[in-house]
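Trainee: model_25.txt is the file, holding compact mmCIF, C-alpha atoms:
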# COMPACT_ATOMS: atom_id res chain seq x y z
CA MET A 97 23.07 -23.87 31.82
CA ASN A 98 22.24 -25.59 35.07
CA SER A 99 22.17 -22.33 36.94
CA ALA A 100 19.80 -20.81 34.32
CA VAL A 101 17.40 -23.78 34.72
CA ASN A 102 17.59 -23.51 38.48
CA LEU A 103 16.93 -19.81 38.28
CA SER A 104 13.81 -20.24 36.09
CA GLU A 105 12.55 -23.00 38.41
CA TYR A 106 13.17 -20.73 41.35
CA ILE A 107 11.21 -17.88 39.72
CA ALA A 108 8.35 -20.24 38.75
CA GLY A 109 8.18 -21.52 42.34
CA PHE A 110 8.30 -18.00 43.66
CA ILE A 111 5.40 -16.94 41.37
CA LYS A 112 3.32 -20.02 42.30
CA TRP A 113 3.69 -19.56 46.06
CA GLY A 114 3.19 -15.83 45.62
CA PHE A 115 -0.15 -16.55 43.96
CA VAL A 116 -1.10 -19.07 46.65
CA PHE A 117 -0.18 -16.57 49.36
CA VAL A 118 -2.40 -13.87 47.76
CA GLU A 119 -5.25 -16.36 47.29
CA VAL A 120 -5.17 -17.54 50.90
CA PHE A 121 -5.66 -13.94 51.98
CA TYR A 122 -8.44 -13.51 49.43
CA VAL A 123 -10.23 -16.64 50.69
CA LEU A 124 -10.04 -15.19 54.21
CA PHE A 125 -11.47 -11.91 52.92
CA ALA A 126 -14.28 -13.78 51.12
CA PHE A 127 -15.03 -15.72 54.33
CA VAL A 128 -15.18 -12.47 56.33
CA ILE A 129 -17.67 -11.11 53.77
CA VAL A 130 -19.88 -14.20 54.25
CA ARG A 131 -19.82 -13.70 58.03
CA GLN A 132 -20.45 -9.99 57.69
CA VAL A 133 -23.44 -10.53 55.37
CA THR A 134 -24.88 -12.93 57.96
CA LEU A 135 -24.44 -10.30 60.70
CA MET A 136 -25.83 -7.58 58.44
CA ASN A 137 -28.90 -9.67 57.67
CA ALA A 138 -29.41 -10.27 61.37
CA SER A 139 -29.11 -6.54 62.09
CA PHE A 140 -31.34 -5.38 59.27
CA SER A 141 -33.24 -8.02 57.34
CA THR A 142 -34.89 -7.40 53.99
CA GLN A 143 -36.20 -9.53 51.14
CA TYR A 144 -32.72 -9.33 49.55
CA GLY A 145 -31.01 -11.00 52.51
CA LYS A 146 -30.95 -14.50 51.00
CA THR A 147 -29.71 -13.17 47.66
CA PHE A 148 -26.81 -11.36 49.34
CA SER A 149 -25.95 -14.48 51.36
CA LEU A 150 -25.97 -16.61 48.20
CA ILE A 151 -23.76 -14.14 46.32
CA ALA A 152 -21.31 -14.03 49.24
CA LEU A 153 -21.24 -17.86 49.39
CA PHE A 154 -20.65 -18.19 45.63
CA HIS A 155 -17.89 -15.61 45.92
CA LEU A 156 -16.23 -17.64 48.68
CA LEU A 157 -16.69 -20.84 46.69
CA ALA A 158 -15.08 -19.28 43.59
CA ALA A 159 -12.13 -18.06 45.69
CA LEU A 160 -11.71 -21.55 47.19
CA ILE A 161 -11.89 -23.25 43.78
CA LEU A 162 -9.28 -20.84 42.42
CA LEU A 163 -6.99 -21.58 45.38
CA VAL A 164 -7.35 -25.35 44.95
CA PHE A 165 -6.79 -25.12 41.18
CA SER A 166 -3.65 -23.08 41.56
CA LEU A 167 -2.31 -25.53 44.17
CA ILE A 168 -2.96 -28.46 41.82
CA PHE A 169 -2.24 -27.13 38.34
CA MET A 170 0.22 -24.25 38.66
CA MET B 47 -36.00 -0.61 47.53
CA LEU B 48 -32.62 -1.99 46.47
CA PHE B 49 -31.24 1.42 45.45
CA ASP B 50 -33.60 3.70 47.40
CA SER B 51 -32.23 6.05 50.01
CA ILE B 52 -35.60 6.91 51.59
CA ILE B 53 -38.08 4.10 52.23
CA LYS B 54 -41.43 4.70 53.88
CA ASN B 55 -43.16 1.85 55.78
CA PRO B 56 -41.01 -1.01 54.45
CA LYS B 57 -43.20 -4.07 54.95
CA SER B 58 -40.57 -6.74 54.41
CA ALA B 59 -37.84 -5.11 56.51
CA SER B 60 -37.02 -5.93 60.09
CA PHE B 61 -34.14 -5.46 62.50
CA ASP B 62 -32.47 -7.13 65.43
CA GLY B 63 -34.51 -6.51 68.61
CA LYS B 64 -37.66 -5.30 66.87
CA ASP B 65 -40.71 -5.60 69.16
CA VAL B 66 -43.85 -7.40 68.03
CA ASP B 67 -45.91 -4.19 68.15
CA GLU B 68 -43.18 -2.09 66.59
CA GLU B 69 -43.37 -0.82 63.02
CA ILE B 70 -40.62 0.71 60.93
CA GLN B 71 -41.86 4.07 59.69
CA TYR B 72 -38.84 5.22 57.70
CA VAL B 73 -35.54 3.81 56.57
CA PHE B 74 -32.87 6.26 55.45
CA ARG B 75 -29.48 5.59 53.94
CA ARG B 76 -26.89 7.61 52.02
CA HIS B 77 -27.98 8.73 48.58
CA PHE B 78 -26.85 6.33 45.85
CA ILE B 79 -24.84 9.10 44.18
CA THR B 80 -22.42 8.97 47.15
CA ASN B 81 -21.35 5.55 45.82
CA VAL B 82 -19.92 7.02 42.62
CA PRO B 83 -16.24 6.97 43.79
CA TRP B 84 -16.14 3.19 44.37
CA ILE B 85 -18.26 2.48 41.27
CA VAL B 86 -15.80 4.48 39.13
CA LEU B 87 -12.88 2.69 40.81
CA GLY B 88 -14.59 -0.65 40.10
CA ILE B 89 -14.96 0.25 36.41
CA LEU B 90 -11.28 1.23 36.27
CA LEU B 91 -10.31 -2.07 37.95
CA PHE B 92 -12.33 -3.86 35.27
CA PHE B 93 -10.09 -2.36 32.56
CA VAL B 94 -6.76 -3.03 34.33
CA PRO B 95 -6.25 -6.48 32.67
CA LYS B 96 -6.79 -4.93 29.23
CA ILE B 97 -4.09 -2.33 29.93
CA ALA B 98 -1.83 -4.99 31.50
CA ALA B 99 -2.35 -7.22 28.44
CA LEU B 100 -1.20 -4.46 26.11
CA THR B 101 1.88 -3.90 28.31
CA PHE B 102 3.01 -7.38 29.36
CA LEU B 103 1.44 -10.03 27.14
CA ASP B 104 3.60 -9.32 24.09
CA LEU B 105 6.81 -8.90 26.04
CA ARG B 106 9.40 -11.47 24.90
CA ILE B 107 12.93 -12.28 25.95
CA ASN B 108 14.95 -14.28 23.38
CA GLY B 109 11.67 -15.16 21.64
CA VAL B 110 10.10 -16.58 24.79
CA GLY B 111 6.99 -14.90 26.19
CA LEU B 112 7.51 -13.30 29.58
CA VAL B 113 4.05 -14.24 30.83
CA GLU B 114 2.76 -17.80 30.38
CA THR B 115 -0.82 -18.25 29.15
CA SER B 116 -1.80 -20.24 32.26
CA VAL B 117 -0.44 -17.55 34.54
CA TRP B 118 -2.30 -14.90 32.54
CA ALA B 119 -5.54 -16.90 32.72
CA TRP B 120 -5.13 -17.26 36.49
CA PHE B 121 -4.47 -13.54 36.81
CA LEU B 122 -7.61 -12.71 34.76
CA VAL B 123 -9.90 -14.97 36.83
CA PHE B 124 -8.43 -13.72 40.11
CA TRP B 125 -8.59 -10.09 39.05
CA TYR B 126 -12.25 -10.21 38.01
CA LEU B 127 -13.13 -12.11 41.19
CA PHE B 128 -11.31 -9.43 43.20
CA THR B 129 -13.14 -6.64 41.29
CA PHE B 130 -16.45 -8.36 41.95
CA GLY B 131 -15.58 -8.77 45.65
CA PHE B 132 -14.61 -5.12 45.88
CA LEU B 133 -17.89 -3.96 44.30
CA PHE B 134 -20.02 -6.36 46.34
CA GLU B 135 -18.37 -5.43 49.65
CA ASN B 136 -18.88 -1.72 48.94
CA PHE B 137 -22.48 -2.25 47.89
CA ILE B 138 -23.49 -4.21 51.00
CA SER B 139 -21.65 -1.70 53.21
CA TRP B 140 -23.86 1.00 51.68
CA PHE B 141 -27.06 -1.07 51.65
CA PHE B 142 -26.91 -2.11 55.31
CA ASP B 143 -25.70 1.23 56.66
CA VAL B 144 -29.17 2.46 57.59
CA PHE B 145 -30.95 4.81 59.92
CA MET B 146 -34.45 3.72 60.96
CA VAL B 147 -37.33 5.53 62.58
CA THR B 148 -39.89 3.22 64.17
CA ASN B 149 -43.01 4.06 66.15
CA LYS B 150 -40.92 3.65 69.34
CA ARG B 151 -37.32 4.64 68.65
CA ILE B 152 -34.62 5.54 66.20
CA VAL B 153 -32.02 2.92 65.28
CA ASP B 154 -28.70 3.74 63.66
CA ILE B 155 -26.83 0.81 62.10
CA ASP B 156 -23.35 1.67 60.86
CA PHE B 157 -21.15 -0.55 58.77
CA GLU B 158 -17.75 0.46 57.50
CA GLY B 159 -16.10 -2.19 55.41
CA VAL B 160 -16.31 -5.77 56.59
CA LEU B 161 -14.75 -5.32 60.00
CA TYR B 162 -16.74 -2.56 61.68
CA ARG B 163 -20.32 -2.64 62.93
CA SER B 164 -22.06 -0.28 65.32
CA ILE B 165 -25.73 -0.24 66.34
CA SER B 166 -27.21 2.57 68.43
CA GLU B 167 -30.78 3.34 69.37
CA THR B 168 -32.75 5.73 71.50
CA ASN B 169 -36.42 6.20 72.34
CA LEU B 170 -38.34 8.85 70.43
CA ASN B 171 -38.97 10.53 73.81
CA ASN B 172 -35.24 11.25 74.12
CA ILE B 173 -34.99 13.16 70.86
CA GLU B 174 -34.54 16.85 71.53
CA ASP B 175 -33.62 18.61 68.30
CA ALA B 176 -32.17 18.05 64.86
CA THR B 177 -29.86 19.98 62.56
CA SER B 178 -29.52 19.56 58.82
CA ARG B 179 -26.50 20.72 56.83
CA ASN B 180 -25.70 21.05 53.17
CA ALA B 181 -22.03 21.48 52.43
CA GLY B 182 -19.69 21.15 49.47
CA ALA B 183 -20.36 20.70 45.77
CA LEU B 184 -22.65 17.68 46.19
CA GLY B 185 -24.71 19.57 48.78
CA ALA B 186 -25.12 22.58 46.56
CA ILE B 187 -25.79 20.81 43.26
CA LEU B 188 -27.70 17.69 44.30
CA ASP B 189 -29.10 18.75 47.68
CA ILE B 190 -27.18 16.12 49.60
CA GLY B 191 -26.17 16.72 53.19
CA ASP B 192 -26.00 15.51 56.77
CA ILE B 193 -28.41 15.52 59.70
CA THR B 194 -27.45 15.54 63.38
CA ILE B 195 -30.07 14.50 65.92
CA GLN B 196 -29.48 15.55 69.51
CA THR B 197 -30.81 13.27 72.19
CA ALA B 198 -31.11 13.18 75.97
CA GLY B 199 -29.91 9.58 75.96
CA GLU B 200 -26.47 8.14 76.66
CA ARG B 201 -25.43 8.64 73.07
CA ARG B 202 -25.87 12.37 72.60
CA GLU B 203 -25.83 12.54 68.82
CA PHE B 204 -27.11 10.47 65.94
CA GLU B 205 -25.80 11.26 62.48
CA LEU B 206 -27.18 10.61 59.04
CA ASP B 207 -24.57 11.32 56.39
CA GLY B 208 -24.98 11.93 52.68
CA VAL B 209 -28.79 11.90 52.59
CA HIS B 210 -30.81 13.52 49.85
CA ASN B 211 -32.85 16.58 50.81
CA PRO B 212 -31.68 16.69 54.46
CA SER B 213 -33.98 19.54 55.49
CA MET B 214 -37.03 17.56 54.35
CA ILE B 215 -35.84 14.46 56.24
CA ARG B 216 -35.08 16.52 59.37
CA ASP B 217 -38.59 17.98 59.19
CA LEU B 218 -40.09 14.53 58.63
CA ILE B 219 -38.32 13.06 61.67
CA MET B 220 -39.11 15.97 63.95
CA ASP B 221 -42.79 16.03 62.88
CA PHE B 222 -42.99 12.33 63.62
CA VAL B 223 -41.31 12.77 67.02
CA ALA B 224 -43.65 15.68 67.89
CA GLU B 225 -46.65 13.55 66.96
CA TYR B 226 -45.33 10.67 69.09
CA LYS B 227 -44.76 12.93 72.11
CA ARG B 228 -48.25 14.46 71.74
CA TYR B 229 -49.75 10.98 71.61
CA ARG B 230 -47.79 9.94 74.74
CA ARG B 231 -48.97 12.99 76.67
CA GLN B 232 -52.62 12.32 75.77
CA ARG B 233 -52.45 8.74 77.05
If you convert what's in this file into structure tokens, what do you get?
Mentor:
Amino acid sequence: MNSAVNLSEYIAGFIKWGFVFVEVFYVLFAFVIVRQVTLMNASFSTQYGKTFSLIALFHLLAALILLVFSLIFM
Amino acid sequence: MLFDSIIKNPKSASFDGKDVDEEIQYVFRRHFITNVPWIVLGILLFFVPKIAALTFLDLRINGVGLVETSVWAWFLVFWYLFTFGFLFENFISWFFDVFMVTNKRIVDIDFEGVLYRSISETNLNNIEDATSRNAGALGAILDIGDITIQTAGERREFELDGVHNPSMIRDLIMDFVAEYKRYRRQR
């Protein structure tokens, strides 16, 4: 019985840290997009520049919130 | 302008290093139809959770669900965020990958994904000749092709890929260059 409990705890821990690992990479990816949009806007600026920057920032924010939530609640 | 592949005299556009007396005459980018592969992939990604739900959500071992609701909810949020990120990254890579003709030079800004950026430019004086090509099914059906511009500058070739009506654009650029060179000679 004990070993079964330990095994399920082990799997749950594995899944949680697996998720966190994936999310950390995704946050990095989202941050790179924010930087790239900034560079893109500097290279070729249009009236959509601010909109793209905002979307990229919201995307990064959503990724960060998801990472924090999974660290706290999962 | 958001989805256009040929823009004439864009008033609100500018670029890094633009001179005060410089005006952008044309902006070219790949035709929007060349984005179909990643748009289709994005739509397929959107439906992955529905297929995964049919496969995994009802799986039970000894009456206990294999996938917890909280884990499933996390997966859904993450997956749609990832799909959005994928679509957005592809869209901006297309949008900012432009080729500009100004009244002084041509500027080629290349972006591939989020990690590659290349900017090249040469004076209109350096442009020698241009070649347009239509190849493949897209070229034949939708008149989409590539243009190669030969220059006397350090970078010998400038390429525009996947543009609509490449022979018209080649003609447009070369007419503009000829006009510029005539103007320079008269001065």
Trainee: Expressed in Å to a single decimal, how great is the separation between atom CA of B:Met146 and atom CA of B:Ala183?
Mentor: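 Separating atom CA of B:Met146 from atom CA of B:Ala183 is a distance of 26.8 Å.
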Trainee: Could you tell me which of B:Asp175, B:Leu87, B:Ile193, B:Thr115 comes closest to B:Phe132 if we count all atoms listed in the file?
Mentor: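 Among B:Asp175, B:Leu87, B:Ile193, B:Thr115, it is B:Leu87 that comes nearest to B:Phe132.
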Trainee: Check which residues of chain A sit at most 7 Å from chain B using all atoms listed in the file, and return one row each with the closest pair of atoms and their distance in Å to one decimal, ordered by chain and rising number, as a tab-separated table.
Mentor:
residue	atom	partner	partner_atom	distance
A:Val128	CA	B:Val160	CA	6.8
A:Ile129	CA	B:Val160	CA	6.2
A:Gln132	CA	B:Val160	CA	6.0
A:Met136	CA	B:Phe142	CA	6.4
A:Ala138	CA	B:Asp62	CA	6.0
A:Ser139	CA	B:Asp62	CA	4.8
A:Phe140	CA	B:Phe61	CA	4.3
A:Ser141	CA	B:Ser60	CA	5.1
A:Thr142	CA	B:Ala59	CA	4.5
A:Gln143	CA	B:Ser58	CA	6.1
Trainee: Quick one: pull the distance between atom CA of B:Glu68 and atom CA of A:Thr147, Å, one decimal.
Mentor: 25.7 Å
Trainee: For B:Arg230, please output as a list in words all residues within 12 Å (counting all atoms listed in the file; exclusion window: fewer than 2 positions along the same chain).
Mentor: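 After dropping sequence-adjacent residues, the list is Asn149, Lys150, Leu170, Asn171, Val223, Ala224, Glu225, Tyr226, Lys227, Arg228, Gln232 and Arg233 of chain B.
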Trainee: Now that the selection is made, can you save its residues with C-alpha atoms as a CSV table (one decimal), in the coordinates of the input?
Mentor:
chain,number,residue,atom,x,y,z
B,149,ASN,CA,-43.0,4.1,66.2
B,150,LYS,CA,-40.9,3.6,69.3
B,170,LEU,CA,-38.3,8.8,70.4
B,171,ASN,CA,-39.0,10.5,73.8
B,223,VAL,CA,-41.3,12.8,67.0
B,224,ALA,CA,-43.6,15.7,67.9
B,225,GLU,CA,-46.6,13.6,67.0
B,226,TYR,CA,-45.3,10.7,69.1
B,227,LYS,CA,-44.8,12.9,72.1
B,228,ARG,CA,-48.2,14.5,71.7
B,232,GLN,CA,-52.6,12.3,75.8
B,233,ARG,CA,-52.4,8.7,77.0
Trainee: What's around stretch 113-116 of chain A at 10 Å? Count all atoms listed in the file, leave out sequence neighbours fewer than 4 positions away in its own chain, and write the answer as a ChimeraX atom specification.
Mentor: /A:107-109,120-122,162-167,170 /B:117,120-121,124
Trainee: So how many Å separate atom CA of B:Val153 and atom CA of B:Glu205, to one decimal?
Mentor: 10.8 Å
Trainee: Near A:Val123, within 7 Å and counting all atoms listed in the file, which residues show up once chain neighbours fewer than 2 positions away are dropped, as JSON, numbers by chain?
Mentor: {"A": [119, 120, 121, 125, 126, 127, 156, 159, 160]}
Trainee: Which residues are close to B:Gly185, i.e. within 12 Å by all atoms listed in the file, leaving aside same-chain residues fewer than 2 positions away? Reply as a ChimeraX atom specification.
Mentor: /B:77,79-80,178-183,187-192,207-213
Trainee: Select, from B:Leu122, B:Leu133, B:Leu100, B:Ile215, the residue with the minimum atom-to-atom distance to B:Phe74, counting all atoms listed in the file.
Mentor: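 Ranked by minimum distance to B:Phe74, first place goes to B:Ile215.
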Trainee: Write stretch 137-167 of chain B as a PDB file, keeping the file's coordinate frame, completed to N, CA and C atoms.
Mentor:
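Writing the result to rebuild.pdb gives the following:
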ATOM      1  N   PHE B 137     -21.028  -2.360  48.017  1.00  0.00           N
ATOM      2  CA  PHE B 137     -22.480  -2.250  47.890  1.00  0.00           C
ATOM      3  C   PHE B 137     -23.184  -2.646  49.183  1.00  0.00           C
ATOM      4  N   ILE B 138     -22.806  -3.782  49.762  1.00  0.00           N
ATOM      5  CA  ILE B 138     -23.490  -4.210  51.000  1.00  0.00           C
ATOM      6  C   ILE B 138     -23.190  -3.256  52.152  1.00  0.00           C
ATOM      7  N   SER B 139     -21.972  -2.687  52.158  1.00  0.00           N
ATOM      8  CA  SER B 139     -21.650  -1.700  53.210  1.00  0.00           C
ATOM      9  C   SER B 139     -22.581  -0.503  53.096  1.00  0.00           C
ATOM     10  N   TRP B 140     -22.910  -0.112  51.877  1.00  0.00           N
ATOM     11  CA  TRP B 140     -23.860   1.000  51.680  1.00  0.00           C
ATOM     12  C   TRP B 140     -25.285   0.562  52.008  1.00  0.00           C
ATOM     13  N   PHE B 141     -25.665  -0.611  51.531  1.00  0.00           N
ATOM     14  CA  PHE B 141     -27.060  -1.070  51.650  1.00  0.00           C
ATOM     15  C   PHE B 141     -27.467  -1.244  53.122  1.00  0.00           C
ATOM     16  N   PHE B 142     -26.549  -1.798  53.925  1.00  0.00           N
ATOM     17  CA  PHE B 142     -26.910  -2.110  55.310  1.00  0.00           C
ATOM     18  C   PHE B 142     -26.595  -0.973  56.287  1.00  0.00           C
ATOM     19  N   ASP B 143     -25.997   0.071  55.805  1.00  0.00           N
ATOM     20  CA  ASP B 143     -25.700   1.230  56.660  1.00  0.00           C
ATOM     21  C   ASP B 143     -26.954   2.113  56.681  1.00  0.00           C
ATOM     22  N   VAL B 144     -27.850   1.810  57.622  1.00  0.00           N
ATOM     23  CA  VAL B 144     -29.170   2.460  57.590  1.00  0.00           C
ATOM     24  C   VAL B 144     -29.493   3.191  58.895  1.00  0.00           C
ATOM     25  N   PHE B 145     -30.428   4.077  58.768  1.00  0.00           N
ATOM     26  CA  PHE B 145     -30.950   4.810  59.920  1.00  0.00           C
ATOM     27  C   PHE B 145     -32.473   4.610  59.888  1.00  0.00           C
ATOM     28  N   MET B 146     -33.015   4.049  60.964  1.00  0.00           N
ATOM     29  CA  MET B 146     -34.450   3.720  60.960  1.00  0.00           C
ATOM     30  C   MET B 146     -35.206   4.533  61.998  1.00  0.00           C
ATOM     31  N   VAL B 147     -36.418   4.902  61.630  1.00  0.00           N
ATOM     32  CA  VAL B 147     -37.330   5.530  62.580  1.00  0.00           C
ATOM     33  C   VAL B 147     -38.512   4.583  62.726  1.00  0.00           C
ATOM     34  N   THR B 148     -38.731   4.088  63.933  1.00  0.00           N
ATOM     35  CA  THR B 148     -39.890   3.220  64.170  1.00  0.00           C
ATOM     36  C   THR B 148     -40.915   4.000  64.992  1.00  0.00           C
ATOM     37  N   ASN B 149     -42.000   3.359  65.330  1.00  0.00           N
ATOM     38  CA  ASN B 149     -43.010   4.060  66.150  1.00  0.00           C
ATOM     39  C   ASN B 149     -42.607   4.107  67.626  1.00  0.00           C
ATOM     40  N   LYS B 150     -41.391   3.604  67.955  1.00  0.00           N
ATOM     41  CA  LYS B 150     -40.920   3.650  69.340  1.00  0.00           C
ATOM     42  C   LYS B 150     -39.556   4.316  69.503  1.00  0.00           C
ATOM     43  N   ARG B 151     -38.711   4.203  68.484  1.00  0.00           N
ATOM     44  CA  ARG B 151     -37.320   4.640  68.650  1.00  0.00           C
ATOM     45  C   ARG B 151     -36.656   4.936  67.308  1.00  0.00           C
ATOM     46  N   ILE B 152     -35.441   5.444  67.412  1.00  0.00           N
ATOM     47  CA  ILE B 152     -34.620   5.540  66.200  1.00  0.00           C
ATOM     48  C   ILE B 152     -33.459   4.559  66.362  1.00  0.00           C
ATOM     49  N   VAL B 153     -33.093   3.919  65.268  1.00  0.00           N
ATOM     50  CA  VAL B 153     -32.020   2.920  65.280  1.00  0.00           C
ATOM     51  C   VAL B 153     -31.015   3.289  64.196  1.00  0.00           C
ATOM     52  N   ASP B 154     -29.762   3.381  64.606  1.00  0.00           N
ATOM     53  CA  ASP B 154     -28.700   3.740  63.660  1.00  0.00           C
ATOM     54  C   ASP B 154     -27.757   2.547  63.527  1.00  0.00           C
ATOM     55  N   ILE B 155     -27.731   1.950  62.345  1.00  0.00           N
ATOM     56  CA  ILE B 155     -26.830   0.810  62.100  1.00  0.00           C
ATOM     57  C   ILE B 155     -25.715   1.277  61.167  1.00  0.00           C
ATOM     58  N   ASP B 156     -24.499   1.217  61.659  1.00  0.00           N
ATOM     59  CA  ASP B 156     -23.350   1.670  60.860  1.00  0.00           C
ATOM     60  C   ASP B 156     -22.445   0.507  60.507  1.00  0.00           C
ATOM     61  N   PHE B 157     -22.134   0.424  59.240  1.00  0.00           N
ATOM     62  CA  PHE B 157     -21.150  -0.550  58.770  1.00  0.00           C
ATOM     63  C   PHE B 157     -20.077   0.200  58.000  1.00  0.00           C
ATOM     64  N   GLU B 158     -18.838  -0.099  58.302  1.00  0.00           N
ATOM     65  CA  GLU B 158     -17.750   0.460  57.500  1.00  0.00           C
ATOM     66  C   GLU B 158     -16.838  -0.679  57.116  1.00  0.00           C
ATOM     67  N   GLY B 159     -16.882  -1.041  55.843  1.00  0.00           N
ATOM     68  CA  GLY B 159     -16.100  -2.190  55.410  1.00  0.00           C
ATOM     69  C   GLY B 159     -16.651  -3.464  56.023  1.00  0.00           C
ATOM     70  N   VAL B 160     -15.822  -4.495  56.070  1.00  0.00           N
ATOM     71  CA  VAL B 160     -16.310  -5.770  56.590  1.00  0.00           C
ATOM     72  C   VAL B 160     -15.975  -5.974  58.055  1.00  0.00           C
ATOM     73  N   LEU B 161     -15.243  -5.068  58.652  1.00  0.00           N
ATOM     74  CA  LEU B 161     -14.750  -5.320  60.000  1.00  0.00           C
ATOM     75  C   LEU B 161     -15.331  -4.394  61.069  1.00  0.00           C
ATOM     76  N   TYR B 162     -16.216  -3.504  60.695  1.00  0.00           N
ATOM     77  CA  TYR B 162     -16.740  -2.560  61.680  1.00  0.00           C
ATOM     78  C   TYR B 162     -18.258  -2.556  61.652  1.00  0.00           C
ATOM     79  N   ARG B 163     -18.868  -2.702  62.825  1.00  0.00           N
ATOM     80  CA  ARG B 163     -20.320  -2.640  62.930  1.00  0.00           C
ATOM     81  C   ARG B 163     -20.691  -1.926  64.227  1.00  0.00           C
ATOM     82  N   SER B 164     -21.627  -1.011  64.128  1.00  0.00           N
ATOM     83  CA  SER B 164     -22.060  -0.280  65.320  1.00  0.00           C
ATOM     84  C   SER B 164     -23.568  -0.084  65.231  1.00  0.00           C
ATOM     85  N   ILE B 165     -24.278  -0.418  66.309  1.00  0.00           N
ATOM     86  CA  ILE B 165     -25.730  -0.240  66.340  1.00  0.00           C
ATOM     87  C   ILE B 165     -26.088   0.610  67.557  1.00  0.00           C
ATOM     88  N   SER B 166     -26.779   1.700  67.331  1.00  0.00           N
ATOM     89  CA  SER B 166     -27.210   2.570  68.430  1.00  0.00           C
ATOM     90  C   SER B 166     -28.701   2.822  68.282  1.00  0.00           C
ATOM     91  N   GLU B 167     -29.354   3.028  69.422  1.00  0.00           N
ATOM     92  CA  GLU B 167     -30.780   3.340  69.370  1.00  0.00           C
ATOM     93  C   GLU B 167     -31.152   4.226  70.555  1.00  0.00           C
TER      94      GLU B 167
END
